[in-house]
>>> print(open('structure.cif').read())   # mmCIF, C-alpha atoms and all ligand atoms; chains and numbers go by the auth columns
data_work
#
loop_
_atom_site.group_PDB
_atom_site.id
_atom_site.type_symbol
_atom_site.label_atom_id
_atom_site.label_comp_id
_atom_site.label_asym_id
_atom_site.label_seq_id
_atom_site.Cartn_x
_atom_site.Cartn_y
_atom_site.Cartn_z
_atom_site.B_iso_or_equiv
_atom_site.auth_seq_id
_atom_site.auth_asym_id
ATOM 1 C CA MET A 1 -42.020 1.113 28.908 0.00 1 A
ATOM 2 C CA SER A 2 -38.682 1.684 27.215 0.00 2 A
ATOM 3 C CA LEU A 3 -35.965 -0.764 26.267 0.00 3 A
ATOM 4 C CA ARG A 4 -32.659 -0.311 28.115 0.00 4 A
ATOM 5 C CA PHE A 5 -29.280 -1.088 26.628 0.00 5 A
ATOM 6 C CA ASP A 6 -26.244 -0.366 28.813 0.00 6 A
ATOM 7 C CA VAL A 7 -23.931 1.060 26.169 0.00 7 A
ATOM 8 C CA ALA A 8 -21.254 1.901 28.744 0.00 8 A
ATOM 9 C CA ALA A 9 -21.080 -1.737 29.849 0.00 9 A
ATOM 10 C CA HIS A 10 -21.275 -3.125 26.299 0.00 10 A
ATOM 11 C CA PRO A 11 -19.243 -0.903 23.973 0.00 11 A
ATOM 12 C CA GLY A 12 -18.370 -2.149 20.507 0.00 12 A
ATOM 13 C CA GLY A 13 -20.468 -4.009 17.982 0.00 13 A
ATOM 14 C CA LEU A 14 -23.965 -3.920 19.494 0.00 14 A
ATOM 15 C CA ALA A 15 -23.525 -0.369 20.779 0.00 15 A
ATOM 16 C CA TYR A 16 -22.471 0.613 17.268 0.00 16 A
ATOM 17 C CA LYS A 17 -25.511 -1.057 15.760 0.00 17 A
ATOM 18 C CA LEU A 18 -27.882 0.725 18.123 0.00 18 A
ATOM 19 C CA LEU A 19 -26.243 4.161 18.310 0.00 19 A
ATOM 20 C CA ALA A 20 -25.401 4.435 14.630 0.00 20 A
ATOM 21 C CA GLY A 21 -28.973 3.359 13.892 0.00 21 A
ATOM 22 C CA LEU A 22 -30.507 5.903 16.262 0.00 22 A
ATOM 23 C CA VAL A 23 -28.409 9.001 15.626 0.00 23 A
ATOM 24 C CA VAL A 24 -29.544 9.615 12.088 0.00 24 A
ATOM 25 C CA PRO A 25 -29.493 10.849 9.440 0.00 25 A
ATOM 26 C CA ARG A 26 -25.765 11.511 9.575 0.00 26 A
ATOM 27 C CA PRO A 27 -23.977 13.596 6.964 0.00 27 A
ATOM 28 C CA ILE A 28 -21.418 11.698 4.941 0.00 28 A
ATOM 29 C CA ALA A 29 -17.914 13.025 4.348 0.00 29 A
ATOM 30 C CA LEU A 30 -16.309 11.516 1.268 0.00 30 A
ATOM 31 C CA VAL A 31 -12.680 12.208 2.120 0.00 31 A
ATOM 32 C CA THR A 32 -9.786 12.345 -0.325 0.00 32 A
ATOM 33 C CA THR A 33 -6.211 12.106 0.976 0.00 33 A
ATOM 34 C CA VAL A 34 -2.844 11.307 -0.584 0.00 34 A
ATOM 35 C CA ASP A 35 -0.063 8.998 0.575 0.00 35 A
ATOM 36 C CA ALA A 36 3.696 9.600 0.429 0.00 36 A
ATOM 37 C CA ALA A 37 3.859 8.227 -3.120 0.00 37 A
ATOM 38 C CA GLY A 38 1.096 10.583 -4.270 0.00 38 A
ATOM 39 C CA ASN A 39 -1.597 7.894 -4.542 0.00 39 A
ATOM 40 C CA VAL A 40 -5.064 9.400 -4.085 0.00 40 A
ATOM 41 C CA ASN A 41 -7.363 7.717 -1.594 0.00 41 A
ATOM 42 C CA ALA A 42 -11.091 8.284 -1.124 0.00 42 A
ATOM 43 C CA ALA A 43 -13.363 6.898 1.593 0.00 43 A
ATOM 44 C CA PRO A 44 -16.716 7.814 3.161 0.00 44 A
ATOM 45 C CA PHE A 45 -17.148 8.605 6.864 0.00 45 A
ATOM 46 C CA SER A 46 -20.485 9.258 8.536 0.00 46 A
ATOM 47 C CA PHE A 47 -19.060 9.790 11.997 0.00 47 A
ATOM 48 C CA PHE A 48 -18.565 13.338 10.810 0.00 48 A
ATOM 49 C CA ASN A 49 -19.899 16.850 11.189 0.00 49 A
ATOM 50 C CA VAL A 50 -19.042 20.532 11.053 0.00 50 A
ATOM 51 C CA MET A 51 -18.297 21.617 14.616 0.00 51 A
ATOM 52 C CA GLY A 52 -17.853 25.366 14.459 0.00 52 A
ATOM 53 C CA THR A 53 -17.108 28.314 12.240 0.00 53 A
ATOM 54 C CA GLU A 54 -14.588 30.433 14.175 0.00 54 A
ATOM 55 C CA PRO A 55 -12.373 28.831 13.085 0.00 55 A
ATOM 56 C CA PRO A 56 -14.393 26.833 10.570 0.00 56 A
ATOM 57 C CA MET A 57 -13.808 23.228 11.634 0.00 57 A
ATOM 58 C CA ALA A 58 -15.093 19.699 11.221 0.00 58 A
ATOM 59 C CA VAL A 59 -14.529 16.384 12.979 0.00 59 A
ATOM 60 C CA LEU A 60 -14.394 12.909 11.511 0.00 60 A
ATOM 61 C CA ALA A 61 -13.712 9.529 13.028 0.00 61 A
ATOM 62 C CA PRO A 62 -11.838 7.085 10.801 0.00 62 A
ATOM 63 C CA GLY A 63 -11.476 3.838 12.733 0.00 63 A
ATOM 64 C CA ASP A 64 -8.971 1.030 12.417 0.00 64 A
ATOM 65 C CA ARG A 65 -9.314 -2.046 10.269 0.00 65 A
ATOM 66 C CA ASP A 66 -10.184 -5.358 11.930 0.00 66 A
ATOM 67 C CA ASP A 67 -6.467 -6.218 12.082 0.00 67 A
ATOM 68 C CA GLY A 68 -5.819 -3.075 14.170 0.00 68 A
ATOM 69 C CA THR A 69 -4.023 -1.081 11.469 0.00 69 A
ATOM 70 C CA PRO A 70 -5.293 2.414 10.663 0.00 70 A
ATOM 71 C CA LYS A 71 -7.478 2.866 7.587 0.00 71 A
ATOM 72 C CA ASP A 72 -5.659 4.593 4.719 0.00 72 A
ATOM 73 C CA THR A 73 -7.496 7.866 5.391 0.00 73 A
ATOM 74 C CA ALA A 74 -6.300 7.927 9.008 0.00 74 A
ATOM 75 C CA ALA A 75 -2.735 7.002 8.032 0.00 75 A
ATOM 76 C CA ASN A 76 -2.586 9.690 5.339 0.00 76 A
ATOM 77 C CA LEU A 77 -4.067 12.372 7.605 0.00 77 A
ATOM 78 C CA ALA A 78 -1.509 11.544 10.307 0.00 78 A
ATOM 79 C CA ALA A 79 1.323 11.599 7.778 0.00 79 A
ATOM 80 C CA ASN A 80 0.639 14.846 5.917 0.00 80 A
ATOM 81 C CA GLY A 81 -2.356 16.556 7.543 0.00 81 A
ATOM 82 C CA GLU A 82 -4.348 17.397 4.425 0.00 82 A
ATOM 83 C CA CYS A 83 -7.678 16.289 2.956 0.00 83 A
ATOM 84 C CA VAL A 84 -10.678 17.352 0.924 0.00 84 A
ATOM 85 C CA ILE A 85 -14.118 16.554 2.368 0.00 85 A
ATOM 86 C CA HIS A 86 -16.877 16.135 -0.216 0.00 86 A
ATOM 87 C CA LEU A 87 -20.616 16.101 0.364 0.00 87 A
ATOM 88 C CA CYS A 88 -22.588 13.684 -1.793 0.00 88 A
ATOM 89 C CA ASP A 89 -25.973 13.830 -3.480 0.00 89 A
ATOM 90 C CA GLU A 90 -27.844 10.859 -4.885 0.00 90 A
ATOM 91 C CA ALA A 91 -26.145 11.201 -8.278 0.00 91 A
ATOM 92 C CA VAL A 92 -22.803 10.191 -6.740 0.00 92 A
ATOM 93 C CA ALA A 93 -24.139 7.887 -3.990 0.00 93 A
ATOM 94 C CA ALA A 94 -23.179 4.627 -5.712 0.00 94 A
ATOM 95 C CA MET A 95 -19.716 6.016 -6.492 0.00 95 A
ATOM 96 C CA MET A 96 -19.326 7.067 -2.857 0.00 96 A
ATOM 97 C CA VAL A 97 -20.180 3.559 -1.648 0.00 97 A
ATOM 98 C CA GLU A 98 -17.695 2.094 -4.127 0.00 98 A
ATOM 99 C CA CYS A 99 -15.010 4.090 -2.280 0.00 99 A
ATOM 100 C CA ALA A 100 -15.760 2.107 0.900 0.00 100 A
ATOM 101 C CA ARG A 101 -14.409 -1.056 -0.692 0.00 101 A
ATOM 102 C CA PRO A 102 -11.337 -2.176 1.263 0.00 102 A
ATOM 103 C CA LEU A 103 -8.352 -2.017 -1.062 0.00 103 A
ATOM 104 C CA PRO A 104 -4.650 -2.335 -0.260 0.00 104 A
ATOM 105 C CA PRO A 105 -2.781 0.944 0.347 0.00 105 A
ATOM 106 C CA GLY A 106 -1.664 2.455 -2.947 0.00 106 A
ATOM 107 C CA VAL A 107 -4.635 1.063 -4.901 0.00 107 A
ATOM 108 C CA SER A 108 -6.997 3.936 -5.669 0.00 108 A
ATOM 109 C CA GLU A 109 -10.757 3.673 -5.126 0.00 109 A
ATOM 110 C CA VAL A 110 -11.179 6.954 -6.953 0.00 110 A
ATOM 111 C CA THR A 111 -10.819 6.018 -10.594 0.00 111 A
ATOM 112 C CA ARG A 112 -12.392 2.610 -10.013 0.00 112 A
ATOM 113 C CA ALA A 113 -15.486 4.401 -8.662 0.00 113 A
ATOM 114 C CA GLY A 114 -15.609 6.606 -11.765 0.00 114 A
ATOM 115 C CA PHE A 115 -14.637 9.936 -10.214 0.00 115 A
ATOM 116 C CA THR A 116 -12.489 12.463 -12.039 0.00 116 A
ATOM 117 C CA LEU A 117 -9.969 14.593 -10.197 0.00 117 A
ATOM 118 C CA ARG A 118 -9.035 18.255 -10.333 0.00 118 A
ATOM 119 C CA PRO A 119 -6.425 20.088 -8.280 0.00 119 A
ATOM 120 C CA ALA A 120 -7.338 21.872 -5.054 0.00 120 A
ATOM 121 C CA GLU A 121 -5.909 25.321 -4.261 0.00 121 A
ATOM 122 C CA ARG A 122 -4.719 25.232 -0.645 0.00 122 A
ATOM 123 C CA VAL A 123 -3.900 21.539 -0.213 0.00 123 A
ATOM 124 C CA ARG A 124 -2.048 18.984 -2.326 0.00 124 A
ATOM 125 C CA VAL A 125 -5.029 16.633 -2.261 0.00 125 A
ATOM 126 C CA PRO A 126 -7.286 16.605 -5.346 0.00 126 A
ATOM 127 C CA ILE A 127 -11.009 17.326 -5.543 0.00 127 A
ATOM 128 C CA LEU A 128 -13.600 14.855 -6.849 0.00 128 A
ATOM 129 C CA THR A 129 -15.188 16.831 -9.678 0.00 129 A
ATOM 130 C CA GLU A 130 -18.581 15.082 -9.594 0.00 130 A
ATOM 131 C CA CYS A 131 -19.430 16.054 -5.982 0.00 131 A
ATOM 132 C CA PRO A 132 -21.564 19.174 -5.426 0.00 132 A
ATOM 133 C CA VAL A 133 -19.455 20.406 -2.490 0.00 133 A
ATOM 134 C CA ALA A 134 -15.738 20.080 -1.704 0.00 134 A
ATOM 135 C CA LEU A 135 -14.077 21.472 1.419 0.00 135 A
ATOM 136 C CA GLU A 136 -10.302 21.848 1.471 0.00 136 A
ATOM 137 C CA CYS A 137 -9.040 20.970 4.962 0.00 137 A
ATOM 138 C CA ARG A 138 -5.918 20.917 7.137 0.00 138 A
ATOM 139 C CA VAL A 139 -5.591 18.733 10.253 0.00 139 A
ATOM 140 C CA MET A 140 -5.689 20.614 13.571 0.00 140 A
ATOM 141 C CA ASP A 141 -5.648 17.679 15.943 0.00 141 A
ATOM 142 C CA ILE A 142 -5.851 13.880 16.068 0.00 142 A
ATOM 143 C CA ARG A 143 -6.921 12.226 19.318 0.00 143 A
ATOM 144 C CA ARG A 144 -7.501 8.662 20.454 0.00 144 A
ATOM 145 C CA TYR A 145 -10.223 7.734 22.933 0.00 145 A
ATOM 146 C CA GLY A 146 -10.041 3.980 23.424 0.00 146 A
ATOM 147 C CA GLU A 147 -10.534 2.561 19.948 0.00 147 A
ATOM 148 C CA ASN A 148 -11.994 5.801 18.596 0.00 148 A
ATOM 149 C CA ARG A 149 -9.922 8.291 16.666 0.00 149 A
ATOM 150 C CA LEU A 150 -11.158 11.856 16.280 0.00 150 A
ATOM 151 C CA VAL A 151 -9.591 13.955 13.543 0.00 151 A
ATOM 152 C CA VAL A 152 -10.270 17.677 13.876 0.00 152 A
ATOM 153 C CA VAL A 153 -9.743 19.613 10.660 0.00 153 A
ATOM 154 C CA GLU A 154 -9.759 23.285 9.842 0.00 154 A
ATOM 155 C CA LEU A 155 -11.908 24.110 6.815 0.00 155 A
ATOM 156 C CA LEU A 156 -9.896 26.344 4.480 0.00 156 A
ATOM 157 C CA LEU A 157 -11.787 26.727 1.223 0.00 157 A
ATOM 158 C CA ALA A 158 -15.269 25.630 0.099 0.00 158 A
ATOM 159 C CA HIS A 159 -16.039 24.789 -3.533 0.00 159 A
ATOM 160 C CA VAL A 160 -19.780 24.846 -4.149 0.00 160 A
ATOM 161 C CA ARG A 161 -21.414 23.842 -7.434 0.00 161 A
ATOM 162 C CA GLU A 162 -22.949 26.790 -9.231 0.00 162 A
ATOM 163 C CA GLY A 163 -26.620 27.188 -8.290 0.00 163 A
ATOM 164 C CA VAL A 164 -26.248 25.436 -4.923 0.00 164 A
ATOM 165 C CA ALA A 165 -25.552 28.668 -3.013 0.00 165 A
ATOM 166 C CA ASP A 166 -26.125 32.353 -3.726 0.00 166 A
ATOM 167 C CA PRO A 167 -22.718 33.930 -4.499 0.00 167 A
ATOM 168 C CA VAL A 168 -23.524 37.047 -2.461 0.00 168 A
ATOM 169 C CA THR A 169 -25.545 35.866 0.556 0.00 169 A
ATOM 170 C CA TRP A 170 -24.222 32.264 0.482 0.00 170 A
ATOM 171 C CA LYS A 171 -27.714 31.046 1.302 0.00 171 A
ATOM 172 C CA VAL A 172 -28.083 27.446 0.114 0.00 172 A
ATOM 173 C CA ASP A 173 -30.867 26.632 -2.372 0.00 173 A
ATOM 174 C CA TYR A 174 -32.264 23.223 -1.485 0.00 174 A
ATOM 175 C CA ALA A 175 -33.980 22.998 -4.846 0.00 175 A
ATOM 176 C CA GLN A 176 -30.433 22.587 -6.164 0.00 176 A
ATOM 177 C CA TYR A 177 -28.861 20.628 -3.298 0.00 177 A
ATOM 178 C CA ALA A 178 -30.122 17.371 -1.796 0.00 178 A
ATOM 179 C CA PRO A 179 -27.292 15.611 0.046 0.00 179 A
ATOM 180 C CA ILE A 180 -27.867 12.058 1.187 0.00 180 A
ATOM 181 C CA GLY A 181 -27.580 10.984 4.830 0.00 181 A
ATOM 182 C CA ARG A 182 -26.556 7.759 6.480 0.00 182 A
ATOM 183 C CA LEU A 183 -29.100 5.655 8.343 0.00 183 A
ATOM 184 C CA ASN A 184 -28.125 2.284 9.758 0.00 184 A
ATOM 185 C CA SER A 185 -25.182 0.210 8.584 0.00 185 A
ATOM 186 C CA PRO A 186 -24.547 -1.446 6.216 0.00 186 A
ATOM 187 C CA ASP A 187 -26.855 -0.072 3.553 0.00 187 A
ATOM 188 C CA GLY A 188 -29.369 2.444 4.924 0.00 188 A
ATOM 189 C CA TYR A 189 -29.490 5.971 3.479 0.00 189 A
ATOM 190 C CA ALA A 190 -31.905 8.898 3.539 0.00 190 A
ATOM 191 C CA ARG A 191 -32.778 11.574 1.023 0.00 191 A
ATOM 192 C CA THR A 192 -33.207 15.177 2.106 0.00 192 A
ATOM 193 C CA LEU A 193 -36.075 15.977 -0.234 0.00 193 A
ATOM 194 C CA ASP A 194 -38.978 16.115 2.249 0.00 194 A
ATOM 195 C CA ARG A 195 -38.430 19.332 4.179 0.00 195 A
ATOM 196 C CA PHE A 196 -40.385 21.652 6.444 0.00 196 A
ATOM 197 C CA THR A 197 -39.772 24.952 8.177 0.00 197 A
ATOM 198 C CA LEU A 198 -40.286 26.094 11.756 0.00 198 A
ATOM 199 C CA ARG A 199 -40.063 29.704 12.838 0.00 199 A
ATOM 200 C CA LEU A 200 -37.757 30.501 15.724 0.00 200 A
ATOM 201 C CA PRO A 201 -39.768 31.559 18.774 0.00 201 A
ATOM 202 C CA ALA A 202 -39.569 35.274 19.608 0.00 202 A
ATOM 203 C CA ALA A 203 -37.652 36.252 22.739 0.00 203 A
ATOM 204 C CA ASP A 204 -39.863 36.410 25.907 0.00 204 A
HETATM 205 C C1 LIG B . -21.660 5.715 4.183 0.00 1 B
HETATM 206 C C2 LIG B . -20.463 5.143 4.894 0.00 1 B
HETATM 207 C C3 LIG B . -20.032 5.732 6.063 0.00 1 B
HETATM 208 C C4 LIG B . -18.893 5.244 6.733 0.00 1 B
HETATM 209 N N1 LIG B . -18.480 5.849 7.882 0.00 1 B
HETATM 210 C C5 LIG B . -17.362 5.420 8.509 0.00 1 B
HETATM 211 C C6 LIG B . -16.893 6.087 9.690 0.00 1 B
HETATM 212 O O1 LIG B . -17.463 7.074 10.174 0.00 1 B
HETATM 213 N N2 LIG B . -15.743 5.602 10.249 0.00 1 B
HETATM 214 C C7 LIG B . -15.048 4.556 9.730 0.00 1 B
HETATM 215 O O2 LIG B . -14.007 4.178 10.260 0.00 1 B
HETATM 216 N N3 LIG B . -15.469 3.903 8.613 0.00 1 B
HETATM 217 C C8 LIG B . -16.599 4.324 7.992 0.00 1 B
HETATM 218 N N4 LIG B . -17.030 3.693 6.851 0.00 1 B
HETATM 219 C C9 LIG B . -16.208 2.594 6.295 0.00 1 B
HETATM 220 C C10 LIG B . -15.033 3.130 5.497 0.00 1 B
HETATM 221 O O3 LIG B . -15.457 3.972 4.449 0.00 1 B
HETATM 222 C C11 LIG B . -14.236 1.951 4.898 0.00 1 B
HETATM 223 O O4 LIG B . -13.663 1.219 5.954 0.00 1 B
HETATM 224 C C12 LIG B . -13.175 2.343 3.895 0.00 1 B
HETATM 225 O O5 LIG B . -12.709 1.183 3.218 0.00 1 B
HETATM 226 C C13 LIG B . -11.990 3.037 4.513 0.00 1 B
HETATM 227 O O6 LIG B . -11.127 3.366 3.450 0.00 1 B
HETATM 228 P P1 LIG B . -9.612 3.786 3.595 0.00 1 B
HETATM 229 O O7 LIG B . -8.850 2.622 4.179 0.00 1 B
HETATM 230 O O8 LIG B . -9.260 4.073 2.175 0.00 1 B
HETATM 231 O O9 LIG B . -9.551 5.006 4.485 0.00 1 B
HETATM 232 C C14 LIG B . -18.186 4.135 6.202 0.00 1 B
HETATM 233 C C15 LIG B . -18.645 3.535 5.005 0.00 1 B
HETATM 234 C C16 LIG B . -19.779 4.028 4.373 0.00 1 B
HETATM 235 C C17 LIG B . -20.245 3.375 3.098 0.00 1 B
#
>>> encode(input="structure.cif", output="structure tokens", more="lines below")
Ligand SMILES: Cc1cc2nc3c(=O)[nH]c(=O)nc-3n(C[C@H](O)[C@H](O)[C@H](O)COP(=O)(O)O)c2cc1C
Amino acid sequence: MSLRFDVAAHPGGLAYKLLAGLVVPRPIALVTTVDAAGNVNAAPFSFFNVMGTEPPMAVLAPGDRDDGTPKDTAANLAANGECVIHLCDEAVAAMMVECARPLPPGVSEVTRAGFTLRPAERVRVPILTECPVALECRVMDIRRYGENRLVVVELLLAHVREGVADPVTWKVDYAQYAPIGRLNSPDGYARTLDRFTLRLPAAD
């Protein structure tokens, strides 16, 4: 016997609880953006993934606040179309969560969380130095579906901490890279330390 929950008939809070709890572990994008005054914003988003490589692209889904106004990340992406997406390991997990604290626009989560900034190359948004991976991105498309907002970004330049990937083959070394994943809200996370391999089946 299985439980049935009609997500189509009951969108919103309970559907979120169930779906975001089931579709796990999700990668976490820690996204930096800047506003018109140059204030740097950082916030984590786990409705996120890489969606293709020709062109290299990713999708993230920053929602609105409870009062219906866009989160700072969404507002900044709509205004100037640039961001840096960072991947987080356990060493920066607590700093990443600190960036989810709701603060008024113009107040930066970044320094409060303890991150240091360095300039990016292709976008005017800075990189968080402490993260093992930073992806410079430009917005390709922003779409609304009901209350969801999908932001499609083109990935322009990847910064990868030395040792994490081979500089010739670009194969990732998981002895050097253990990103965390999101389990259920509000505080569930997974490590990526327990791994196994499966060989692809040969063609029939
Ligand atoms: C691990 C994690 C994942 C999150 N994922 C999302 C998400 O996918 N979409 C979203 O709207 N908010 C998400 N949040 C909440 C936002 O990070 C939070 O609302 C933040 O304050 C938004 O900041 P901003 O207004 O500076 O953009 C997540 C929070 C955490 C801690």
>>> residues_near_ligand(input="structure.cif", ligand="ligand LIG 1 (chain B)", cutoff="7 Å", atoms="only C-alpha atoms and all ligand atoms", output="list in words")
Ile28, Asn41, Ala42, Ala43, Pro44, Phe45, Ser46, Phe47, Phe48, Leu60, Ala61, Pro62, Gly63, Asp64, Arg65, Lys71, Asp72, Thr73, Ala74, Val97, Cys99, Ala100, Arg101, Pro102, Leu103 and Arg182 of chain A
>>> closest_atom_pairs(input="structure.cif", of="range 164-184 of chain A", to="range 125-136 of chain A", cutoff="9 Å", atoms="all atoms listed in the file", output="JSON lines")
{"residue": "A:Val164", "atom": "CA", "partner": "A:Pro132", "partner_atom": "CA", "distance": 7.8}
{"residue": "A:Tyr177", "atom": "CA", "partner": "A:Pro132", "partner_atom": "CA", "distance": 7.7}
{"residue": "A:Pro179", "atom": "CA", "partner": "A:Pro132", "partner_atom": "CA", "distance": 8.7}
>>> closest_residue(input="structure.cif", among="A:Gly38, A:Gly146, A:Gly181, A:Gly12", to="Ser108 in chain A", atoms="only C-alpha atoms")
A:Gly38
>>> resolve_selection(input="structure.cif", expression="the PyMOL selection byres (((chain A and resi 141-143) around 10) and not hetatm)", output="ChimeraX atom specification")
/A:59-61,74,77-78,81,138-140,144-146,148-154
>>> resolve_selection(input="structure.cif", expression="the PyMOL selection byres (((chain A and resi 195-203) around 12) and not hetatm)", output="PyMOL selection string")
chain A and resi 174-175+178+191-194+204
>>> closest_residue(input="structure.cif", among="A:Cys83, A:Val172, A:Ala165, A:Ala94", to="Val34 in chain A", atoms="all atoms listed in the file")
A:Cys83
>>> atom_distance(input="structure.cif", atom1="CA of Asn80 in chain A", atom2="CA of Thr33 in chain A")
8.9 Å
>>> closest_residue(input="structure.cif", among="A:Leu3, A:Pro186, A:Val84, A:Met95", to="Arg118 in chain A", atoms="only C-alpha atoms")
A:Val84
>>> residues_around(input="structure.cif", residues="Tyr16 in chain A", least_positions_apart="3", cutoff="12 Å", atoms="all atoms listed in the file", output="ChimeraX atom specification")
/A:5,7-8,10-13,19-23,47,148,184-186
>>> atom_distance(input="structure.cif", atom1="CA of Thr169 in chain A", atom2="CA of Cys137 in chain A")
22.7 Å
>>> atom_distance(input="structure.cif", atom1="CA of Leu117 in chain A", atom2="CA of Val40 in chain A")
9.4 Å
>>> resolve_selection(input="structure.cif", expression="the PyMOL selection byres (((chain A and resi 122) around 8) and not hetatm)", output="list of chain:residue names")
A:Ala120, A:Glu121, A:Val123, A:Arg124, A:Glu136, A:Leu156, A:Leu157
